[in-house]
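One structure below.
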Amino acid sequence: MKKWTFALLLLLGTSTSCIADNERPIDVSQLPQPAQQLLTKHFGKQNVMLVVKETEGFSKGYDVVFDSGDKIEFSRTGEWEEIECNMSEVPTAVIPATIRQFLSTKQKGAKVMKISRDRKGTELELNNGWEYEFDKNNKLVSAEKNLPND
């Protein structure tokens, strides 16, 4: 039994070391369709500087970097996970409607500079220093005001 356990551990260790973490540049046309559609619809006027396919263990993802410094991270299926804008703002259409409504009443005139989402919820960073966290049902769970550095 010990020999089988050792053999199994050796095989598992060998197979996982073959799946090394790596990044490699790809063409925009190699992104999944949902990612290509988002880029065309909301970032069509920006120039793509770099597209990277990331592989970490068994998971994959994609990063798109624009000349402006704006950046988008996509899942393996092409759904956005994080949008970070330096020169512009996050396109309003990608922000869930209930969160947009919250922002229109509580943060009128503020711009969303970064949005990220996962299965737990959505996080926002605004240009005025406010950060908000919403649960998976888009209910506010956290709000924090970051003061500018003096």
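Labels for the structure tokens follow display order: chains A, B, ..., residues from 1 in each chain, ligands from 1.
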Taking 3 positions as the minimum chain separation for residues in the same chain, which residues sit within 10 Å of Pro148 in chain A when counting only C-alpha atoms? Answer as an NGL selection string. :A and (128-129 or 145)
Might you pull out every residue within 9 Å of Tyr132 in chain A, with only C-alpha atoms counted and same-chain residues fewer than 4 positions away left off, and present them as JSON, numbers by chain? {"A": [122, 123, 124, 125, 126, 140, 141, 142, 143, 144, 145]}
For each of A:Lys60, A:Val28, A:Glu73, A:Glu81, take the minimum atom-to-atom distance to Thr40 in chain A, counting only C-alpha atoms, then give the residue where this is smallest. A:Val28
For the structure I just gave you, how does DSSP split range 27-109 of chain A - specifically, which residues are helix (DSSP H, G or I)? Reply as a ChimeraX atom specification. /A:28-30,33-43,92-94,97-106
A:Ser116, A:Ser29, A:Ser68, A:Thr105: which is nearest Met87 in chain A, counting only C-alpha atoms?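 Using only C-alpha atoms, Met87 in chain A sits closest to A:Ser68.
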Any chance you could list, as a PyMOL selection string, the residues in range 59-121 of chain A that come up strand (DSSP E) when DSSP is run on the backbone? chain A and resi 59-66+71-75+80-84+112-118+121
Would you mind telling me which residue in A:Ile99, A:Ala93, A:Val65, A:Cys85 lies nearest to Asp135 in chain A when using only C-alpha atoms?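 Among the listed residues, the smallest separation from Asp135 in chain A belongs to A:Ile99.
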Go through A:Phe43, A:Phe58, A:Trp80, A:Phe102 and flag the residue nearest Arg117 in chain A, using only C-alpha atoms for the distances.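 Among A:Phe43, A:Phe58, A:Trp80, A:Phe102, it is A:Trp80 that comes nearest to Arg117 in chain A.
One distance worth recording is that between CA of Arg76 in chain A and CA of Ile115 in chain A, which is 18.2 Å.
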I'd like the contact shell of Pro34 in chain A - 8 Å cut-off, only C-alpha atoms, skipping same-chain residues fewer than 5 positions apart - returned as a ChimeraX atom specification. /A:77-79
Using only C-alpha atoms: which of A:Phe74, A:Thr92, A:Gly57, A:Met49 has the shortest distance to Gln36 in chain A: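 Of A:Phe74, A:Thr92, A:Gly57, A:Met49, the one nearest Gln36 in chain A is A:Phe74, counting only C-alpha atoms.
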To one decimal place, how far is CA of Lys111 in chain A from CA of Asn146 in chain A in Å? 15.0 Å
